[in-house]
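**Q** Please read through the structure below; I'll follow up with questions.
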Amino acid sequence: MSELSEFSCEACRSDAPRVTGDELEQLLSELPDWELEVIDNVRQITRTYTFSNFRTAMQFSNAIADLAESEGHHPAILTEWGKVTLSWWTHKIMGLHKNDFILAARSDDIYEKG
Ligand SMILES: C[C@H](O)[C@H](O)[C@H]1CNC2=NC(N)=NC(=O)C2=N1
């Protein structure tokens, strides 16, 4: 469990600063299973989780949906047979906010709880 999951998300505003530079490197180092990607010039963090079948993949996806709704912050979720890929970024700032790293850590906790 990353310490990041202990943090609370803050209300994100359109003028919130994007995470960059040393802070970005530090946050990425706390989430070793996550990859930094740039899609349509927008930085995001992505991880693919594996499952034994589609039903358990869907159950995890629904748990992530509950997390997202409770925090008012939503990932892209790709649910496939045996796999779920999550991508977190902040739409308002078209980039990465600390909230994205907090929720990625919370996503890992949900996965590890099984
Ligand atoms: C109106 C609604 O609360 C906002 O659009 C929220 C919804 N969920 C969100 N999710 C993400 N990832 N980024 C946002 O900027 C965002 N904004």
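Each chain in the structure tokens gets a letter, A, B, ..., in the order shown, and its residues are numbered from 1; ligands are numbered from 1 in order too.
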Assign secondary structure with DSSP using the backbone only, and return the residues of stretch 9-97 of chain A in alpha helix (DSSP H) as a list in words.
**A**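 Alpha helix (DSSP H) members of stretch 9-97 of chain A, listed: Gly21, Asp22, Glu23, Leu24, Glu25, Gln26, Leu27, Leu28, Ser29, Phe54, Arg55, Thr56, Ala57, Met58, Gln59, Phe60, Ser61, Asn62, Ala63, Ile64, Ala65, Asp66, Leu67, Ala68, Glu69, Ser70 and Glu71 of chain A.
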**Q** For C-alpha atoms, I'd like the residues from the last selection saved as an mmCIF file, in the first residue's frame.
**A**
data_model
loop_
_atom_site.group_PDB
_atom_site.id
_atom_site.type_symbol
_atom_site.label_atom_id
_atom_site.label_comp_id
_atom_site.auth_asym_id
_atom_site.auth_seq_id
_atom_site.Cartn_x
_atom_site.Cartn_y
_atom_site.Cartn_z
ATOM 1 C CA GLY A 21 9.415 17.969 -12.922
ATOM 2 C CA ASP A 22 10.748 16.619 -9.630
ATOM 3 C CA GLU A 23 7.288 16.294 -8.109
ATOM 4 C CA LEU A 24 6.177 14.159 -11.077
ATOM 5 C CA GLU A 25 9.280 11.946 -10.743
ATOM 6 C CA GLN A 26 8.715 11.541 -6.999
ATOM 7 C CA LEU A 27 5.047 10.628 -7.397
ATOM 8 C CA LEU A 28 5.810 8.162 -10.213
ATOM 9 C CA SER A 29 8.469 6.523 -8.021
ATOM 10 C CA PHE A 54 -14.361 -11.362 -17.163
ATOM 11 C CA ARG A 55 -16.674 -11.356 -14.150
ATOM 12 C CA THR A 56 -13.912 -10.550 -11.647
ATOM 13 C CA ALA A 57 -12.556 -7.922 -14.043
ATOM 14 C CA MET A 58 -16.019 -6.338 -14.165
ATOM 15 C CA GLN A 59 -16.369 -6.465 -10.368
ATOM 16 C CA PHE A 60 -13.078 -4.582 -10.017
ATOM 17 C CA SER A 61 -14.229 -2.066 -12.648
ATOM 18 C CA ASN A 62 -17.393 -1.458 -10.657
ATOM 19 C CA ALA A 63 -15.394 -0.958 -7.457
ATOM 20 C CA ILE A 64 -13.289 1.651 -9.277
ATOM 21 C CA ALA A 65 -16.493 3.298 -10.496
ATOM 22 C CA ASP A 66 -17.671 3.538 -6.884
ATOM 23 C CA LEU A 67 -14.331 5.086 -5.872
ATOM 24 C CA ALA A 68 -14.536 7.576 -8.742
ATOM 25 C CA GLU A 69 -18.071 8.576 -7.883
ATOM 26 C CA SER A 70 -17.209 9.014 -4.212
ATOM 27 C CA GLU A 71 -14.298 11.319 -5.113
#
**Q** Find the nearest atom pair between each residue of chain A and ligand 1 for residues within 7 Å, count only C-alpha atoms and all ligand atoms, give distances in Å to one decimal, sort rows by chain and ascending number, and present the table as a Markdown table.
**A**
| residue | atom | partner | partner_atom_place_in_ligand_line | distance |
| --- | --- | --- | --- | --- |
| A:Cys12 | CA | ligand 1 | 15 (O) | 6.9 |
| A:Gly72 | CA | ligand 1 | 8 (N) | 5.1 |
| A:His73 | CA | ligand 1 | 10 (N) | 3.6 |
| A:His74 | CA | ligand 1 | 10 (N) | 3.9 |
| A:Pro75 | CA | ligand 1 | 12 (N) | 5.3 |
| A:Trp88 | CA | ligand 1 | 12 (N) | 6.0 |
| A:Trp89 | CA | ligand 1 | 12 (N) | 5.0 |
| A:Thr90 | CA | ligand 1 | 13 (N) | 3.6 |
| A:His91 | CA | ligand 1 | 15 (O) | 3.7 |
| A:Lys92 | CA | ligand 1 | 15 (O) | 3.9 |
| A:Ile93 | CA | ligand 1 | 15 (O) | 6.8 |
**Q** Output C-alpha atoms of each residue in that selection to a file, as a PDB file, in the first residue's frame.
**A**
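Wrote it out as part.pdb, contents follow:
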ATOM      1  CA  CYS A  12      -9.538  20.408  -8.508  1.00  0.00           C
ATOM      2  CA  GLY A  72     -15.899  13.085  -8.094  1.00  0.00           C
ATOM      3  CA  HIS A  73     -12.822  12.163 -10.126  1.00  0.00           C
ATOM      4  CA  HIS A  74     -12.993   9.573 -12.894  1.00  0.00           C
ATOM      5  CA  PRO A  75     -10.536   7.392 -14.843  1.00  0.00           C
ATOM      6  CA  TRP A  88      -5.966   8.600 -14.580  1.00  0.00           C
ATOM      7  CA  TRP A  89      -5.595  12.245 -15.553  1.00  0.00           C
ATOM      8  CA  THR A  90      -7.409  15.474 -14.724  1.00  0.00           C
ATOM      9  CA  HIS A  91      -9.672  16.714 -17.489  1.00  0.00           C
ATOM     10  CA  LYS A  92      -9.909  20.262 -16.096  1.00  0.00           C
ATOM     11  CA  ILE A  93      -6.163  20.852 -16.436  1.00  0.00           C
TER      12      ILE A  93
END
**Q** Could you give me, as a PyMOL selection string, each residue of chain A that DSSP assigns to strand (DSSP E) when run on this structure's backbone?
**A** chain A and resi 35-39+42-50+76-80+83-88
**Q** For A:Leu86, which residue among A:Glu112, A:Glu3, A:Glu37, A:Asp15 is the nearest when counting only C-alpha atoms?
**A**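 That would be A:Glu37, the residue with the smallest distance to A:Leu86.
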**Q** Quote the spacing between atom CA of A:Asp109 and atom CA of A:Val19 in Å to one decimal place.
**A** 22.3 Å
**Q** Atom CA of A:Arg47 to atom CA of A:Ala105: how many Å, to one decimal?
**A**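 Distance reported for this atom pair: 10.8 Å.
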**Q** Which one of A:Val84, A:Ala16, A:Leu36, A:Leu78 sits closest to A:Asp108 if you count only C-alpha atoms?
**A**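 Ranked by minimum distance to A:Asp108, first place goes to A:Val84.
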**Q** Find the residues near A:Thr46: any atom within 6 Å, counting only C-alpha atoms, skip ones fewer than 5 places away on the same chain, and give them as a ChimeraX atom specification.
**A** /A:34-35,86-87
**Q** Go ahead and compute the interatomic distance for atom CA of A:Ser2 and atom CA of A:Ala104, in Å to one decimal.
**A**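 Those two atoms sit 9.6 Å apart.
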**Q** With distances taken over only C-alpha atoms, which of A:Leu103, A:Ile39, A:Leu31, A:Ile110 is nearest to A:Ser5?
**A**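 Closest to A:Ser5, using only C-alpha atoms: A:Leu103.
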